[in-house]
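Chemist: Pasting a structure below so you can have a look.
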Amino acid sequence: MRYKIKTLTEFIIERQAQYPHAKGALTRLLNDIATAAKIVNREINAAGLVDILGTVGRENIQGETQKKLDVFANDMFITALKGGGECCAIASEENEKVISFQNEFSELGKYVIAIDPLDGSSNIEANVSIGTIFSIYRRITEAGGGTLEDLLQPGLNLVAAGYIIYGSSTMLVYTTGKGVNGFTLDPSVGIFCLSHPEMRFPETASIYSVNEGNYIHFPQGVKNYIKYCQEEESATLRPFTSRYIGSLVADFHRNLIKGGIFLYPGTAKNPNGKLRLLYECKPIAYIAEQAGGKASDGSRRIMEIMPESLHQRSPFYTGPKWMVEKLEEFLHREG
Ligand code: AHG
Ligand code: MN
Ligand code: MN
């Protein structure tokens with residue numbers, strides 16, 4: 001048997017070698033993210049031990065107070081990215097304002113990062129899959145620490161985006177605009193190995209994912225679409241199967257592999273829904289499009305929306321192209 005394992009590091013270096021003028025900054029940045037992800041993964045795997053080894057809020061052996069996992073993940077990614085030196089600012093779902101890196105290095109990095117350090121955090125204690133979502137943009141401002149302006153860019157300006165899923169195995173999935181590739185962590189050696197090259201939504205799809213407990217509050221178009229999913233028609237594989245984890249990363253990842261649409265609609269009370277444009281919708285939209293799918297807020301392409309504030313929310317619909325287009329038809333019919 002002949003086979004060759006390709007590691008994430010090898011893959012990134014090979015990809016960047018295709019650009020003769022590249023100086024390796026993006027390679028280093030992605031490596032910094034992968035390293036932080038491995039450390040976060042280690043903590044997540046040990047989460048169930050917290051009760052017997054010491055609870056959150058108690059001091060650990062070094063005399064440091066133990067942190068909740070979402071705070072830990074946030075600190076870990078910020079530390080790794082700051083130390084790496086390729087990034088001049090970070091916007092995190094966990095921080096109110098942009099974290100700007102100033103005068104730390106003789107030359108500041110030319111990238112900025114938006115991150116949801118721990119996605120699906122309410123699932124941790126139930127041992128259910130959670131994730132991290134990251135987005136990388138080139139800075140717009142010329143000098144000094146990165147600013148809000150650098151972070152408020154449309155998805156079309158994304159240089160790279162990806163997620164880490166801490167599931168039954170841990171995977172890192174990312175795109176730089178040339179397809180989507182997935183890497184599985186071999187925990188025995190701590191290396192991400194290419195396991196899912198050129199990921200695409202499958203041709204056939206029959207899953208819909210939505211928090212149906214909110215049905216009563218959904219717009220009529222979404223209600224009609226859900227009913228359509230539940231109707232019987234063998235040619236379109238209906239009724240569809242309903243699957244909802246409650247971690248966007250895990251729901252999206254399953255839908256990417258098996259074929260399905262994810263919906264998080266707005267409601268009368270929360271017209272923009274729950275998910276955050278910068279940390280969740282735009283990076284997932286980039287991956288979805290690169291995998292042959294679509295992402296929409298119901299009427300606009302997510303990638304084209306110009307964000308106005310860091311923590312802005314947006315209704316979010318993503319999945320195979322034909323599924324999202326069918327949903328949009330239902331939404332438009334209701335005006
Ligand atoms: P986070 O843990 O980063 O706050 O994100 C939770 C999000 C997302 O992962 C998921 O799709 C959604 O919340 C689930 O919301 P509901 O519980 O309202 O269905
Ligand atoms: Mn999230
Ligand atoms: Mn989060």
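Residue numbering restarts at 1 in every chain; chains get A, B, ... in the order shown in the structure tokens, and ligands count up from 1 in that same order.
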List the neighbours of segment 5-16 of chain A out to 10 Å using only C-alpha atoms; skip same-chain residues closer than 5 positions along the sequence, and give me the result as a list in words.

Modeler: His21, Ala22, Lys23, Gly24, Ala25, Leu26, Thr27, Arg28, Leu30, Asn31, Ala34, Leu172, Thr176, Lys178, Asn181, Gly182, Phe183, Thr184, Leu185, Ile191, Phe192, Cys193, Leu194 and Ser195 of chain A

Chemist: Write a file of the selected residues as an mmCIF file, in the first residue's frame, keeping C-alpha atoms.

Modeler:
data_model
loop_
_atom_site.group_PDB
_atom_site.id
_atom_site.type_symbol
_atom_site.label_atom_id
_atom_site.label_comp_id
_atom_site.auth_asym_id
_atom_site.auth_seq_id
_atom_site.Cartn_x
_atom_site.Cartn_y
_atom_site.Cartn_z
ATOM 1 C CA HIS A 21 5.587 37.300 -4.271
ATOM 2 C CA ALA A 22 4.066 35.875 -1.100
ATOM 3 C CA LYS A 23 6.258 36.328 1.939
ATOM 4 C CA GLY A 24 4.716 33.585 4.037
ATOM 5 C CA ALA A 25 2.695 35.854 6.331
ATOM 6 C CA LEU A 26 -0.609 34.097 5.672
ATOM 7 C CA THR A 27 1.085 30.724 6.147
ATOM 8 C CA ARG A 28 2.330 31.833 9.563
ATOM 9 C CA LEU A 30 -2.910 30.065 9.627
ATOM 10 C CA ASN A 31 -0.321 28.095 11.553
ATOM 11 C CA ALA A 34 -3.986 25.894 14.098
ATOM 12 C CA LEU A 172 -10.030 22.365 10.714
ATOM 13 C CA THR A 176 -8.567 31.015 0.771
ATOM 14 C CA LYS A 178 -9.742 28.331 -4.085
ATOM 15 C CA ASN A 181 -10.260 21.735 2.351
ATOM 16 C CA GLY A 182 -10.703 19.839 5.608
ATOM 17 C CA PHE A 183 -8.002 18.521 7.941
ATOM 18 C CA THR A 184 -8.542 16.049 10.767
ATOM 19 C CA LEU A 185 -6.433 16.254 13.911
ATOM 20 C CA ILE A 191 -1.031 17.118 13.585
ATOM 21 C CA PHE A 192 -3.863 18.183 11.287
ATOM 22 C CA CYS A 193 -3.870 15.881 8.216
ATOM 23 C CA LEU A 194 -5.685 16.508 4.938
ATOM 24 C CA SER A 195 -8.712 14.211 5.146
#

Chemist: Compile a residue-level contact table for chain A against ligand 2 at a cut-off of 8 Å, reporting for every qualifying residue the shortest atom pair and its distance in Å to one decimal, with only C-alpha atoms and all ligand atoms counted, rows ordered by chain and ascending number, as a tab-separated table.

Modeler:
residue	atom	partner	partner_atom_place_in_ligand_line	distance
A:Glu93	CA	ligand 2	1 (Mn)	7.9
A:Asp116	CA	ligand 2	1 (Mn)	5.7
A:Pro117	CA	ligand 2	1 (Mn)	8.0
A:Leu118	CA	ligand 2	1 (Mn)	6.5
A:Asp119	CA	ligand 2	1 (Mn)	3.6
A:Gly120	CA	ligand 2	1 (Mn)	5.6
A:Ser121	CA	ligand 2	1 (Mn)	7.5
A:Thr132	CA	ligand 2	1 (Mn)	7.8
A:Ile133	CA	ligand 2	1 (Mn)	7.8
A:Ser247	CA	ligand 2	1 (Mn)	7.1
A:Leu248	CA	ligand 2	1 (Mn)	6.5
A:Val249	CA	ligand 2	1 (Mn)	7.9
A:Leu275	CA	ligand 2	1 (Mn)	6.9
A:Arg276	CA	ligand 2	1 (Mn)	7.5
A:Tyr279	CA	ligand 2	1 (Mn)	7.3
A:Glu280	CA	ligand 2	1 (Mn)	6.1

Chemist: Now that the selection is made, can you save its residues with N, CA and C atoms as a CSV table (one decimal), in the first residue's frame?

Modeler:
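Saved the output as selection-v4.csv:
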chain,number,residue,atom,x,y,z
A,93,GLU,N,-16.0,38.0,19.2
A,93,GLU,CA,-17.4,38.0,19.8
A,93,GLU,C,-17.4,38.3,21.3
A,116,ASP,N,-15.0,34.1,16.3
A,116,ASP,CA,-15.9,33.5,17.3
A,116,ASP,C,-15.1,32.4,18.0
A,117,PRO,N,-14.5,32.7,19.1
A,117,PRO,CA,-13.6,31.7,19.7
A,117,PRO,C,-14.2,30.4,20.1
A,118,LEU,N,-15.4,30.5,20.6
A,118,LEU,CA,-16.1,29.2,21.0
A,118,LEU,C,-17.6,29.4,20.5
A,119,ASP,N,-17.9,28.6,19.5
A,119,ASP,CA,-19.3,28.7,19.0
A,119,ASP,C,-20.1,27.5,19.5
A,120,GLY,N,-21.3,27.8,19.9
A,120,GLY,CA,-22.1,26.7,20.5
A,120,GLY,C,-21.8,26.4,21.9
A,121,SER,N,-21.3,27.5,22.6
A,121,SER,CA,-20.8,27.3,24.0
A,121,SER,C,-21.8,26.7,25.0
A,132,THR,N,-14.9,26.8,16.5
A,132,THR,CA,-14.3,28.1,16.5
A,132,THR,C,-14.5,28.6,15.0
A,133,ILE,N,-14.8,29.9,14.8
A,133,ILE,CA,-14.9,30.4,13.5
A,133,ILE,C,-13.9,31.6,13.3
A,247,SER,N,-25.2,24.3,17.5
A,247,SER,CA,-23.8,24.9,17.3
A,247,SER,C,-23.8,25.1,15.8
A,248,LEU,N,-23.6,26.4,15.4
A,248,LEU,CA,-23.6,26.7,14.0
A,248,LEU,C,-22.6,25.9,13.3
A,249,VAL,N,-21.4,25.8,13.8
A,249,VAL,CA,-20.3,25.1,13.2
A,249,VAL,C,-20.7,23.6,12.9
A,275,LEU,N,-27.6,35.4,14.9
A,275,LEU,CA,-26.2,35.2,14.5
A,275,LEU,C,-25.5,36.5,14.1
A,276,ARG,N,-24.2,36.5,14.4
A,276,ARG,CA,-23.4,37.7,14.1
A,276,ARG,C,-22.8,37.7,12.7
A,279,TYR,N,-18.7,37.6,12.8
A,279,TYR,CA,-18.0,36.4,13.4
A,279,TYR,C,-18.5,35.1,12.9
A,280,GLU,N,-19.8,35.1,12.5
A,280,GLU,CA,-20.4,33.8,12.1
A,280,GLU,C,-20.9,33.7,10.6

Chemist: So the first atom is atom CA of Leu237 of chain A and the second is atom CA of Thr318 of chain A; what is the distance between them in Å, to one decimal place?

Modeler: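 Going from atom CA of Leu237 of chain A over to atom CA of Thr318 of chain A covers 18.8 Å.
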
Chemist: Given only C-alpha atoms as the basis, pick out the residue of A:Ser296, A:Met323, A:Gly167, A:Asn211 nearest to Phe240 of chain A.

Modeler: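 Of A:Ser296, A:Met323, A:Gly167, A:Asn211, the one nearest Phe240 of chain A is A:Met323, counting only C-alpha atoms.
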
Chemist: Applying 8 Å and only C-alpha atoms, which residues near Leu263 of chain A remain after dropping the ones on its own chain fewer than 2 positions away? List them as a tab-separated table (two decimals) with N, CA, C and O atoms, in the first residue's frame.

Modeler:
chain	number	residue	atom	x	y	z
A	208	TYR	N	-32.93	19.72	6.71
A	208	TYR	CA	-33.11	21.13	7.06
A	208	TYR	C	-32.84	21.30	8.55
A	208	TYR	O	-33.18	20.44	9.36
A	209	SER	N	-32.16	22.40	8.89
A	209	SER	CA	-31.73	22.63	10.27
A	209	SER	C	-32.20	24.00	10.73
A	209	SER	O	-31.75	25.02	10.21
A	210	VAL	N	-33.07	23.99	11.69
A	210	VAL	CA	-33.61	25.25	12.22
A	210	VAL	C	-34.12	24.98	13.63
A	210	VAL	O	-34.53	23.85	13.92
A	261	ILE	N	-29.75	22.40	4.44
A	261	ILE	CA	-29.86	23.86	4.57
A	261	ILE	C	-29.95	24.23	6.04
A	261	ILE	O	-30.60	23.54	6.84
A	265	PRO	N	-33.65	32.49	11.08
A	265	PRO	CA	-34.39	33.66	10.60
A	265	PRO	C	-34.47	34.77	11.63
A	265	PRO	O	-34.23	34.56	12.82
A	316	PHE	N	-29.89	34.42	8.68
A	316	PHE	CA	-28.86	33.64	7.98
A	316	PHE	C	-29.45	32.36	7.42
A	316	PHE	O	-30.06	31.56	8.15
A	317	TYR	N	-29.25	32.17	6.12
A	317	TYR	CA	-29.71	30.96	5.44
A	317	TYR	C	-28.56	30.47	4.57
A	317	TYR	O	-28.07	31.21	3.72
A	318	THR	N	-28.13	29.24	4.78
A	318	THR	CA	-27.01	28.74	3.97
A	318	THR	C	-27.12	27.25	3.71
A	318	THR	O	-27.65	26.50	4.55

Chemist: What gap, in Å, lies between atom CA of Ser135 of chain A and atom CA of Ala161 of chain A?

Modeler: 4.3 Å

Chemist: Which one is closest to Ile33 of chain A: A:Gly162, A:Pro239, A:Gly131, A:Pro197? Count only C-alpha atoms.

Modeler: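 That would be A:Gly162, the residue with the smallest distance to Ile33 of chain A.
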
Chemist: Enumerate, as a ChimeraX atom specification, the complete set of residues in segment 29-160 of chain A that a backbone-based DSSP assignment places in helix (DSSP H, G or I).

Modeler: /A:29-45,47-53,69-84,121-126,148-151,155-157

Chemist: Which of these residues is nearest to ligand 3, using only C-alpha atoms and all ligand atoms: A:Gly246, A:Gly293, A:Gly84, A:Gly266?

Modeler: A:Gly246

Chemist: Smallest atom-to-atom distance to ligand 3: which of A:Ile226, A:Leu278, A:Val98, A:Lys110, using only C-alpha atoms and all ligand atoms?

Modeler: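 That would be A:Leu278, the residue with the smallest distance to ligand 3.
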
Chemist: Quick one: of A:Ile130, A:Leu156, A:Ala235, A:Ala46, who's nearest to Phe252 of chain A, counting only C-alpha atoms?

Modeler: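 The closest residue to Phe252 of chain A is A:Ile130.
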
Chemist: Give the answer as one residue: which of A:Val71, A:Leu331, A:Ala36, A:Ile99 has the shortest atom-to-atom distance to ligand 1, using only C-alpha atoms and all ligand atoms?

Modeler: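 Using only C-alpha atoms and all ligand atoms, ligand 1 sits closest to A:Val71.
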
Chemist: As a list in words, please: every residue in segment 72-103 of chain A that a backbone DSSP assignment puts in strand (DSSP E).

Modeler: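 Of segment 72-103 of chain A, only Cys87, Cys88, Ala89, Ile90, Ala91, Ser92, Ile99 and Ser100 of chain A fall in strand (DSSP E).
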
Chemist: Output N, CA and C atoms of each residue in that selection to a file, as a PDB file, in the first residue's frame.

Modeler:
ATOM      1  N   CYS A  87      -0.687  39.930  12.558  1.00  0.00           N
ATOM      2  CA  CYS A  87      -2.024  40.504  12.611  1.00  0.00           C
ATOM      3  C   CYS A  87      -1.969  41.789  13.450  1.00  0.00           C
ATOM      4  N   CYS A  88      -2.631  42.851  12.986  1.00  0.00           N
ATOM      5  CA  CYS A  88      -2.528  44.136  13.707  1.00  0.00           C
ATOM      6  C   CYS A  88      -3.782  44.454  14.511  1.00  0.00           C
ATOM      7  N   ALA A  89      -4.820  43.625  14.394  1.00  0.00           N
ATOM      8  CA  ALA A  89      -6.021  43.828  15.221  1.00  0.00           C
ATOM      9  C   ALA A  89      -6.914  42.597  15.171  1.00  0.00           C
ATOM     10  N   ILE A  90      -7.671  42.411  16.253  1.00  0.00           N
ATOM     11  CA  ILE A  90      -8.636  41.308  16.315  1.00  0.00           C
ATOM     12  C   ILE A  90      -9.978  41.844  16.787  1.00  0.00           C
ATOM     13  N   ALA A  91     -11.042  41.368  16.154  1.00  0.00           N
ATOM     14  CA  ALA A  91     -12.373  41.601  16.703  1.00  0.00           C
ATOM     15  C   ALA A  91     -12.881  40.241  17.143  1.00  0.00           C
ATOM     16  N   SER A  92     -13.303  40.149  18.392  1.00  0.00           N
ATOM     17  CA  SER A  92     -13.799  38.880  18.910  1.00  0.00           C
ATOM     18  C   SER A  92     -15.217  39.056  19.426  1.00  0.00           C
ATOM     19  N   ILE A  99      -9.518  44.824  19.392  1.00  0.00           N
ATOM     20  CA  ILE A  99      -8.252  44.750  20.132  1.00  0.00           C
ATOM     21  C   ILE A  99      -7.159  45.102  19.132  1.00  0.00           C
ATOM     22  N   SER A 100      -6.540  46.243  19.376  1.00  0.00           N
ATOM     23  CA  SER A 100      -5.549  46.742  18.428  1.00  0.00           C
ATOM     24  C   SER A 100      -4.151  46.495  18.975  1.00  0.00           C
TER      25      SER A 100
END

Chemist: Using only C-alpha atoms, which protein or nucleic acid residues come within 12 Å of segment 212-215 of chain A? Drop anything in the same chain fewer than 6 positions from it, and give the result as a list in words.

Modeler: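 The residues that qualify are Gly221, Val222, Lys223, Asn224, Tyr225, Ile226, Lys227, Ser242, Arg243, Tyr244, Ile245, Gly246, Phe262, Leu263, Tyr264, Pro265, Gly266, Thr267, Ala268, Lys269, Asn270, Gly273 and Lys274 of chain A.
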
Chemist: What does the distance between atom CA of Gly145 of chain A and atom CA of Phe101 of chain A come to in Å, to one decimal place?

Modeler: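 So the two atoms, atom CA of Gly145 of chain A and atom CA of Phe101 of chain A, lie 5.0 Å apart.
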